[in-house]
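Colleague: One file: start16.cif (mmCIF, N, CA and C atoms).
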data_structure
#
loop_
_atom_site.label_atom_id
_atom_site.label_comp_id
_atom_site.auth_asym_id
_atom_site.auth_seq_id
_atom_site.Cartn_x
_atom_site.Cartn_y
_atom_site.Cartn_z
N MET A 1 13.86 25.50 -7.25
CA MET A 1 12.88 25.84 -8.26
C MET A 1 11.50 25.43 -7.73
N PRO A 2 10.58 26.35 -7.68
CA PRO A 2 9.23 26.03 -7.20
C PRO A 2 8.49 25.14 -8.19
N ALA A 3 7.54 24.39 -7.65
CA ALA A 3 6.72 23.52 -8.51
C ALA A 3 5.91 24.39 -9.46
N PRO A 4 5.75 23.92 -10.71
CA PRO A 4 4.96 24.72 -11.66
C PRO A 4 3.50 24.76 -11.25
N GLU A 5 2.85 25.87 -11.59
CA GLU A 5 1.43 25.98 -11.32
C GLU A 5 0.68 25.09 -12.29
N MET A 6 -0.40 24.48 -11.80
CA MET A 6 -1.22 23.63 -12.66
C MET A 6 -2.64 23.63 -12.15
N ASP A 7 -3.54 23.29 -13.01
CA ASP A 7 -4.95 23.24 -12.62
C ASP A 7 -5.22 21.96 -11.82
N ASP A 8 -6.36 21.93 -11.15
CA ASP A 8 -6.70 20.80 -10.29
C ASP A 8 -6.79 19.49 -11.05
N THR A 9 -7.32 19.52 -12.26
CA THR A 9 -7.45 18.30 -13.05
C THR A 9 -6.08 17.71 -13.38
N THR A 10 -5.17 18.55 -13.79
CA THR A 10 -3.81 18.09 -14.11
C THR A 10 -3.13 17.53 -12.87
N ARG A 11 -3.25 18.24 -11.76
CA ARG A 11 -2.65 17.77 -10.51
C ARG A 11 -3.21 16.40 -10.12
N THR A 12 -4.53 16.24 -10.23
CA THR A 12 -5.16 14.96 -9.90
C THR A 12 -4.67 13.85 -10.83
N GLU A 13 -4.53 14.16 -12.12
CA GLU A 13 -4.03 13.17 -13.07
C GLU A 13 -2.61 12.76 -12.76
N LEU A 14 -1.77 13.71 -12.38
CA LEU A 14 -0.38 13.40 -12.02
C LEU A 14 -0.32 12.58 -10.73
N GLU A 15 -1.15 12.95 -9.76
CA GLU A 15 -1.20 12.19 -8.51
C GLU A 15 -1.67 10.76 -8.75
N ALA A 16 -2.67 10.60 -9.61
CA ALA A 16 -3.18 9.27 -9.94
C ALA A 16 -2.10 8.44 -10.65
N ALA A 17 -1.36 9.06 -11.55
CA ALA A 17 -0.28 8.35 -12.25
C ALA A 17 0.80 7.92 -11.25
N ALA A 18 1.13 8.79 -10.31
CA ALA A 18 2.13 8.44 -9.30
C ALA A 18 1.63 7.30 -8.42
N PHE A 19 0.36 7.32 -8.05
CA PHE A 19 -0.22 6.25 -7.26
C PHE A 19 -0.16 4.93 -8.02
N ARG A 20 -0.56 4.95 -9.29
CA ARG A 20 -0.52 3.73 -10.09
C ARG A 20 0.90 3.19 -10.20
N ARG A 21 1.87 4.06 -10.34
CA ARG A 21 3.28 3.62 -10.42
C ARG A 21 3.73 3.05 -9.09
N LEU A 22 3.33 3.64 -7.98
CA LEU A 22 3.67 3.09 -6.66
C LEU A 22 3.09 1.69 -6.50
N VAL A 23 1.84 1.51 -6.85
CA VAL A 23 1.19 0.20 -6.74
C VAL A 23 1.91 -0.80 -7.64
N GLU A 24 2.23 -0.42 -8.86
CA GLU A 24 2.97 -1.30 -9.78
C GLU A 24 4.31 -1.70 -9.17
N HIS A 25 5.00 -0.73 -8.61
CA HIS A 25 6.31 -0.98 -8.00
C HIS A 25 6.18 -1.97 -6.84
N LEU A 26 5.18 -1.78 -5.99
CA LEU A 26 4.99 -2.68 -4.85
C LEU A 26 4.61 -4.08 -5.30
N ARG A 27 3.87 -4.19 -6.39
CA ARG A 27 3.52 -5.51 -6.93
C ARG A 27 4.77 -6.22 -7.45
N GLU A 28 5.68 -5.45 -8.04
CA GLU A 28 6.92 -6.03 -8.56
C GLU A 28 7.89 -6.42 -7.45
N ARG A 29 7.87 -5.69 -6.36
CA ARG A 29 8.83 -5.91 -5.26
C ARG A 29 8.23 -6.80 -4.18
N THR A 30 7.90 -8.02 -4.57
CA THR A 30 7.32 -8.96 -3.61
C THR A 30 8.33 -9.37 -2.55
N ASP A 31 9.61 -9.10 -2.79
CA ASP A 31 10.64 -9.40 -1.79
C ASP A 31 10.57 -8.46 -0.60
N VAL A 32 9.97 -7.31 -0.77
CA VAL A 32 9.85 -6.33 0.31
C VAL A 32 8.63 -6.70 1.15
N GLN A 33 8.88 -7.06 2.38
CA GLN A 33 7.82 -7.49 3.28
C GLN A 33 7.11 -6.29 3.90
N ASN A 34 5.84 -6.44 4.19
CA ASN A 34 5.07 -5.36 4.80
C ASN A 34 5.68 -4.91 6.13
N ILE A 35 6.17 -5.85 6.93
CA ILE A 35 6.72 -5.46 8.23
C ILE A 35 7.96 -4.58 8.04
N ASP A 36 8.74 -4.85 6.99
CA ASP A 36 9.90 -3.99 6.71
C ASP A 36 9.44 -2.59 6.32
N MET A 37 8.40 -2.52 5.51
CA MET A 37 7.86 -1.21 5.13
C MET A 37 7.36 -0.46 6.36
N MET A 38 6.66 -1.16 7.23
CA MET A 38 6.14 -0.52 8.45
C MET A 38 7.29 -0.03 9.31
N ASN A 39 8.32 -0.85 9.46
CA ASN A 39 9.44 -0.48 10.31
C ASN A 39 10.24 0.68 9.74
N LEU A 40 10.33 0.77 8.44
CA LEU A 40 11.12 1.84 7.82
C LEU A 40 10.31 3.09 7.48
N ALA A 41 9.07 2.89 7.01
CA ALA A 41 8.30 4.02 6.49
C ALA A 41 7.03 4.32 7.26
N GLY A 42 6.62 3.41 8.13
CA GLY A 42 5.41 3.64 8.92
C GLY A 42 4.12 3.35 8.17
N PHE A 43 4.21 2.71 7.00
CA PHE A 43 3.02 2.28 6.27
C PHE A 43 3.39 1.05 5.45
N CYS A 44 2.37 0.33 5.00
CA CYS A 44 2.60 -0.86 4.18
C CYS A 44 1.51 -0.98 3.12
N ARG A 45 1.51 -2.07 2.41
CA ARG A 45 0.50 -2.29 1.38
C ARG A 45 -0.91 -2.29 1.97
N ASN A 46 -1.06 -2.85 3.16
CA ASN A 46 -2.37 -2.88 3.80
C ASN A 46 -2.84 -1.46 4.13
N CYS A 47 -1.93 -0.63 4.58
CA CYS A 47 -2.28 0.77 4.86
C CYS A 47 -2.74 1.45 3.57
N LEU A 48 -2.00 1.24 2.51
CA LEU A 48 -2.34 1.84 1.22
C LEU A 48 -3.72 1.39 0.76
N SER A 49 -4.03 0.11 0.93
CA SER A 49 -5.35 -0.38 0.53
C SER A 49 -6.45 0.20 1.43
N ARG A 50 -6.15 0.39 2.71
CA ARG A 50 -7.13 1.00 3.61
C ARG A 50 -7.38 2.45 3.22
N TRP A 51 -6.32 3.19 2.88
CA TRP A 51 -6.49 4.58 2.46
C TRP A 51 -7.32 4.65 1.18
N TYR A 52 -7.11 3.71 0.30
CA TYR A 52 -7.89 3.64 -0.95
C TYR A 52 -9.37 3.41 -0.61
N ARG A 53 -9.64 2.44 0.27
CA ARG A 53 -11.02 2.15 0.68
C ARG A 53 -11.65 3.37 1.34
N GLU A 54 -10.92 4.03 2.22
CA GLU A 54 -11.45 5.21 2.90
C GLU A 54 -11.75 6.33 1.90
N ALA A 55 -10.91 6.51 0.90
CA ALA A 55 -11.17 7.52 -0.13
C ALA A 55 -12.42 7.17 -0.92
N ALA A 56 -12.59 5.90 -1.24
CA ALA A 56 -13.79 5.47 -1.95
C ALA A 56 -15.03 5.74 -1.11
N GLU A 57 -14.98 5.35 0.15
CA GLU A 57 -16.12 5.57 1.04
C GLU A 57 -16.43 7.05 1.20
N GLY A 58 -15.38 7.88 1.20
CA GLY A 58 -15.57 9.32 1.29
C GLY A 58 -16.31 9.90 0.09
N ARG A 59 -16.30 9.15 -1.00
CA ARG A 59 -17.03 9.58 -2.20
C ARG A 59 -18.32 8.79 -2.38
N GLY A 60 -18.71 8.05 -1.33
CA GLY A 60 -19.95 7.31 -1.38
C GLY A 60 -19.87 6.01 -2.15
N ILE A 61 -18.66 5.51 -2.36
CA ILE A 61 -18.46 4.26 -3.09
C ILE A 61 -18.12 3.17 -2.08
N PRO A 62 -19.02 2.21 -1.87
CA PRO A 62 -18.71 1.14 -0.93
C PRO A 62 -17.63 0.22 -1.50
N LEU A 63 -16.62 -0.06 -0.69
CA LEU A 63 -15.52 -0.92 -1.12
C LEU A 63 -15.09 -1.73 0.08
N ALA A 64 -15.17 -3.03 -0.03
CA ALA A 64 -14.78 -3.91 1.06
C ALA A 64 -13.25 -3.99 1.15
N ASP A 65 -12.75 -4.26 2.36
CA ASP A 65 -11.31 -4.39 2.55
C ASP A 65 -10.67 -5.40 1.60
N PRO A 66 -11.25 -6.61 1.44
CA PRO A 66 -10.62 -7.57 0.52
C PRO A 66 -10.52 -7.04 -0.92
N ASP A 67 -11.52 -6.28 -1.35
CA ASP A 67 -11.49 -5.72 -2.70
C ASP A 67 -10.42 -4.63 -2.82
N ALA A 68 -10.30 -3.80 -1.81
CA ALA A 68 -9.27 -2.76 -1.81
C ALA A 68 -7.88 -3.39 -1.79
N ARG A 69 -7.71 -4.44 -1.01
CA ARG A 69 -6.41 -5.12 -0.96
C ARG A 69 -6.07 -5.74 -2.31
N GLU A 70 -7.06 -6.30 -2.98
CA GLU A 70 -6.79 -6.90 -4.29
C GLU A 70 -6.36 -5.83 -5.29
N ILE A 71 -6.90 -4.63 -5.18
CA ILE A 71 -6.48 -3.53 -6.05
C ILE A 71 -5.00 -3.23 -5.84
N VAL A 72 -4.56 -3.21 -4.59
CA VAL A 72 -3.16 -2.89 -4.28
C VAL A 72 -2.24 -4.08 -4.55
N TYR A 73 -2.63 -5.27 -4.12
CA TYR A 73 -1.77 -6.45 -4.27
C TYR A 73 -1.78 -7.05 -5.67
N GLY A 74 -2.84 -6.77 -6.44
CA GLY A 74 -2.94 -7.34 -7.78
C GLY A 74 -3.44 -8.77 -7.78
N MET A 75 -3.88 -9.24 -6.63
CA MET A 75 -4.41 -10.60 -6.46
C MET A 75 -5.07 -10.64 -5.09
N PRO A 76 -5.87 -11.65 -4.82
CA PRO A 76 -6.44 -11.74 -3.47
C PRO A 76 -5.32 -11.78 -2.42
N TYR A 77 -5.56 -11.11 -1.30
CA TYR A 77 -4.56 -10.98 -0.25
C TYR A 77 -4.06 -12.33 0.24
N LYS A 78 -4.96 -13.28 0.44
CA LYS A 78 -4.55 -14.61 0.92
C LYS A 78 -3.60 -15.28 -0.07
N GLU A 79 -3.84 -15.07 -1.36
CA GLU A 79 -2.95 -15.63 -2.38
C GLU A 79 -1.58 -14.98 -2.30
N TRP A 80 -1.54 -13.65 -2.13
CA TRP A 80 -0.26 -12.95 -2.01
C TRP A 80 0.49 -13.44 -0.79
N GLN A 81 -0.22 -13.58 0.33
CA GLN A 81 0.42 -14.08 1.55
C GLN A 81 1.05 -15.45 1.31
N ALA A 82 0.30 -16.34 0.70
CA ALA A 82 0.80 -17.70 0.47
C ALA A 82 2.02 -17.71 -0.45
N LYS A 83 2.04 -16.83 -1.44
CA LYS A 83 3.13 -16.80 -2.41
C LYS A 83 4.35 -16.04 -1.92
N HIS A 84 4.13 -14.95 -1.16
CA HIS A 84 5.23 -14.01 -0.94
C HIS A 84 5.55 -13.67 0.51
N GLN A 85 4.62 -13.85 1.41
CA GLN A 85 4.86 -13.39 2.78
C GLN A 85 5.70 -14.41 3.54
N LYS A 86 6.73 -13.89 4.21
CA LYS A 86 7.59 -14.73 5.02
C LYS A 86 7.29 -14.45 6.49
N GLU A 87 7.61 -15.40 7.34
CA GLU A 87 7.46 -15.21 8.78
C GLU A 87 8.41 -14.10 9.22
N ALA A 88 7.89 -13.15 9.98
CA ALA A 88 8.72 -12.06 10.48
C ALA A 88 9.69 -12.59 11.53
N SER A 89 10.89 -12.06 11.50
CA SER A 89 11.89 -12.46 12.48
C SER A 89 11.58 -11.83 13.83
N ALA A 90 12.18 -12.35 14.87
CA ALA A 90 12.01 -11.79 16.21
C ALA A 90 12.46 -10.33 16.23
N GLU A 91 13.54 -10.03 15.51
CA GLU A 91 14.05 -8.66 15.44
C GLU A 91 13.05 -7.73 14.74
N GLN A 92 12.47 -8.18 13.65
CA GLN A 92 11.46 -7.38 12.94
C GLN A 92 10.25 -7.13 13.83
N LYS A 93 9.79 -8.17 14.51
CA LYS A 93 8.63 -8.04 15.40
C LYS A 93 8.92 -7.08 16.55
N ALA A 94 10.11 -7.15 17.12
CA ALA A 94 10.48 -6.28 18.23
C ALA A 94 10.55 -4.82 17.78
N LYS A 95 11.14 -4.60 16.60
CA LYS A 95 11.23 -3.24 16.06
C LYS A 95 9.83 -2.68 15.80
N PHE A 96 8.95 -3.51 15.24
CA PHE A 96 7.58 -3.09 14.97
C PHE A 96 6.87 -2.75 16.28
N ALA A 97 7.00 -3.61 17.28
CA ALA A 97 6.33 -3.38 18.57
C ALA A 97 6.81 -2.10 19.23
N ALA A 98 8.11 -1.82 19.12
CA ALA A 98 8.66 -0.60 19.73
C ALA A 98 8.17 0.65 19.01
N ALA A 99 8.03 0.57 17.70
CA ALA A 99 7.62 1.73 16.91
C ALA A 99 6.12 1.92 16.88
N ASN A 100 5.37 0.87 17.19
CA ASN A 100 3.91 0.92 17.08
C ASN A 100 3.24 0.36 18.34
N PRO A 101 3.47 0.97 19.49
CA PRO A 101 2.88 0.43 20.70
C PRO A 101 1.36 0.40 20.62
N GLY A 102 0.79 -0.72 21.04
CA GLY A 102 -0.66 -0.84 21.02
C GLY A 102 -1.24 -1.23 19.67
N HIS A 103 -0.38 -1.45 18.67
CA HIS A 103 -0.89 -1.79 17.33
C HIS A 103 -1.09 -3.27 17.20
#
Let me see the structure of the file written as structure tokens.
Modeller:
Amino acid sequence: MPAPEMDDTTRTELEAAAFRRLVEHLRERTDVQNIDMMNLAGFCRNCLSRWYREAAEGRGIPLADPDAREIVYGMPYKEWQAKHQKEASAEQKAKFAAANPGH
């Protein structure tokens, strides 16, 4: 079944709602580490915050990285790291290095 036709405003509203739900989900799933997301999906919370910042800048809205990260993490990044980030295992680091050479 093809996607229903919709106007640009409706599409943007639906995309925004999906984005907000994704951010909410990531805030709830603090057990999911960024390195795991990178290894499995090729992006993480930091990527999402960077894309948000880049979109803001594209519209002439200055947004610093720490502010964009706080939008995604729901708290300052350093606070999230202290509360939820675990040291990556050697296996996780090796998988990341193999999938992201030069990163």
Colleague: Excluding same-chain residues fewer than 6 positions from region 40-55 of chain A, what lies within 6.5 Å of it counting all atoms listed in the file, as a PyMOL selection string?
Modeller: chain A and resi 34+63+68-69+72
Colleague: Pick out each residue of region 31-96 of chain A that DSSP on the backbone tags as alpha helix (DSSP H); I need them as JSON, numbers by chain.
Modeller: {"A": [34, 35, 36, 37, 38, 39, 40, 41, 45, 46, 47, 48, 49, 50, 51, 52, 53, 54, 55, 56, 57, 58, 65, 66, 67, 68, 69, 70, 71, 72, 73, 77, 78, 79, 80, 81, 82, 83, 84, 90, 91, 92, 93, 94, 95, 96]}
Colleague: Grab the atom N of Glu57 (chain A) to CA of His25 (chain A) distance for me, in Å with one decimal place.
Modeller: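 Pair atom N of Glu57 (chain A) / CA of His25 (chain A) returns 23.7 Å.
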Colleague: Suppose you want the space between atom N of Met75 (chain A) and atom C of Arg27 (chain A); what is it in Å?
Modeller: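 Separating atom N of Met75 (chain A) from atom C of Arg27 (chain A) is a distance of 9.2 Å.
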Colleague: Quick one: of A:Tyr73, A:Ala18, A:Arg11, A:Lys86, who's nearest to Gln33 (chain A), counting only C-alpha atoms?
Modeller: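 Checking each of A:Tyr73, A:Ala18, A:Arg11, A:Lys86 against Gln33 (chain A), counting only C-alpha atoms, the winner is A:Lys86.
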Colleague: When you get a chance, write out all heavy atoms for region 90-101 of chain A, as a CSV table (one decimal), in the frame of the given file.
Modeller:
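Now in part.csv:
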chain,number,residue,atom,x,y,z
A,90,ALA,N,12.2,-12.4,14.9
A,90,ALA,CA,12.0,-11.8,16.2
A,90,ALA,C,12.5,-10.3,16.2
A,90,ALA,O,11.8,-9.5,16.9
A,90,ALA,CB,12.8,-12.6,17.2
A,91,GLU,N,13.5,-10.0,15.5
A,91,GLU,CA,14.0,-8.7,15.4
A,91,GLU,C,13.0,-7.7,14.7
A,91,GLU,O,12.8,-6.6,15.2
A,91,GLU,CB,15.4,-8.6,14.7
A,91,GLU,CG,16.0,-7.2,14.6
A,91,GLU,CD,17.3,-7.2,13.8
A,91,GLU,OE1,17.9,-8.3,13.5
A,91,GLU,OE2,17.7,-6.1,13.4
A,92,GLN,N,12.5,-8.2,13.6
A,92,GLN,CA,11.5,-7.4,12.9
A,92,GLN,C,10.2,-7.1,13.8
A,92,GLN,O,9.7,-6.0,13.9
A,92,GLN,CB,11.0,-8.1,11.7
A,92,GLN,CG,12.0,-8.1,10.6
A,92,GLN,CD,11.6,-9.0,9.4
A,92,GLN,OE1,11.2,-10.2,9.6
A,92,GLN,NE2,11.7,-8.5,8.2
A,93,LYS,N,9.8,-8.2,14.5
A,93,LYS,CA,8.6,-8.0,15.4
A,93,LYS,C,8.9,-7.1,16.6
A,93,LYS,O,8.1,-6.3,16.9
A,93,LYS,CB,8.2,-9.4,15.9
A,93,LYS,CG,7.6,-10.3,14.9
A,93,LYS,CD,7.3,-11.7,15.5
A,93,LYS,CE,6.8,-12.6,14.4
A,93,LYS,NZ,6.6,-14.0,15.0
A,94,ALA,N,10.1,-7.2,17.1
A,94,ALA,CA,10.5,-6.3,18.2
A,94,ALA,C,10.6,-4.8,17.8
A,94,ALA,O,10.1,-3.9,18.5
A,94,ALA,CB,11.8,-6.7,18.8
A,95,LYS,N,11.1,-4.6,16.6
A,95,LYS,CA,11.2,-3.2,16.1
A,95,LYS,C,9.8,-2.7,15.8
A,95,LYS,O,9.5,-1.5,16.1
A,95,LYS,CB,12.1,-3.2,14.8
A,95,LYS,CG,12.4,-1.9,14.2
A,95,LYS,CD,13.4,-1.9,13.1
A,95,LYS,CE,13.7,-0.6,12.6
A,95,LYS,NZ,14.6,-0.6,11.4
A,96,PHE,N,9.0,-3.5,15.2
A,96,PHE,CA,7.6,-3.1,15.0
A,96,PHE,C,6.9,-2.8,16.3
A,96,PHE,O,6.2,-1.7,16.4
A,96,PHE,CB,6.8,-4.2,14.2
A,96,PHE,CG,5.4,-3.8,13.9
A,96,PHE,CD1,5.1,-3.0,12.8
A,96,PHE,CD2,4.4,-4.2,14.8
A,96,PHE,CE1,3.7,-2.7,12.6
A,96,PHE,CE2,3.0,-3.9,14.5
A,96,PHE,CZ,2.7,-3.1,13.4
A,97,ALA,N,7.0,-3.6,17.3
A,97,ALA,CA,6.3,-3.4,18.6
A,97,ALA,C,6.8,-2.1,19.2
A,97,ALA,O,6.0,-1.3,19.8
A,97,ALA,CB,6.6,-4.6,19.5
A,98,ALA,N,8.1,-1.8,19.1
A,98,ALA,CA,8.7,-0.6,19.7
A,98,ALA,C,8.2,0.6,19.0
A,98,ALA,O,7.9,1.7,19.6
A,98,ALA,CB,10.2,-0.7,19.7
A,99,ALA,N,8.0,0.6,17.7
A,99,ALA,CA,7.6,1.7,16.9
A,99,ALA,C,6.1,1.9,16.9
A,99,ALA,O,5.6,3.0,16.6
A,99,ALA,CB,8.2,1.6,15.5
A,100,ASN,N,5.4,0.9,17.2
A,100,ASN,CA,3.9,0.9,17.1
A,100,ASN,C,3.2,0.4,18.3
A,100,ASN,O,2.5,-0.6,18.3
A,100,ASN,CB,3.4,0.1,15.9
A,100,ASN,CG,4.0,0.6,14.6
A,100,ASN,OD1,3.6,1.6,14.0
A,100,ASN,ND2,5.1,-0.1,14.1
A,101,PRO,N,3.5,1.0,19.5
A,101,PRO,CA,2.9,0.4,20.7
A,101,PRO,C,1.4,0.4,20.6
A,101,PRO,O,0.7,1.3,20.1
A,101,PRO,CB,3.4,1.4,21.8
A,101,PRO,CG,3.8,2.6,21.1
A,101,PRO,CD,4.2,2.2,19.7
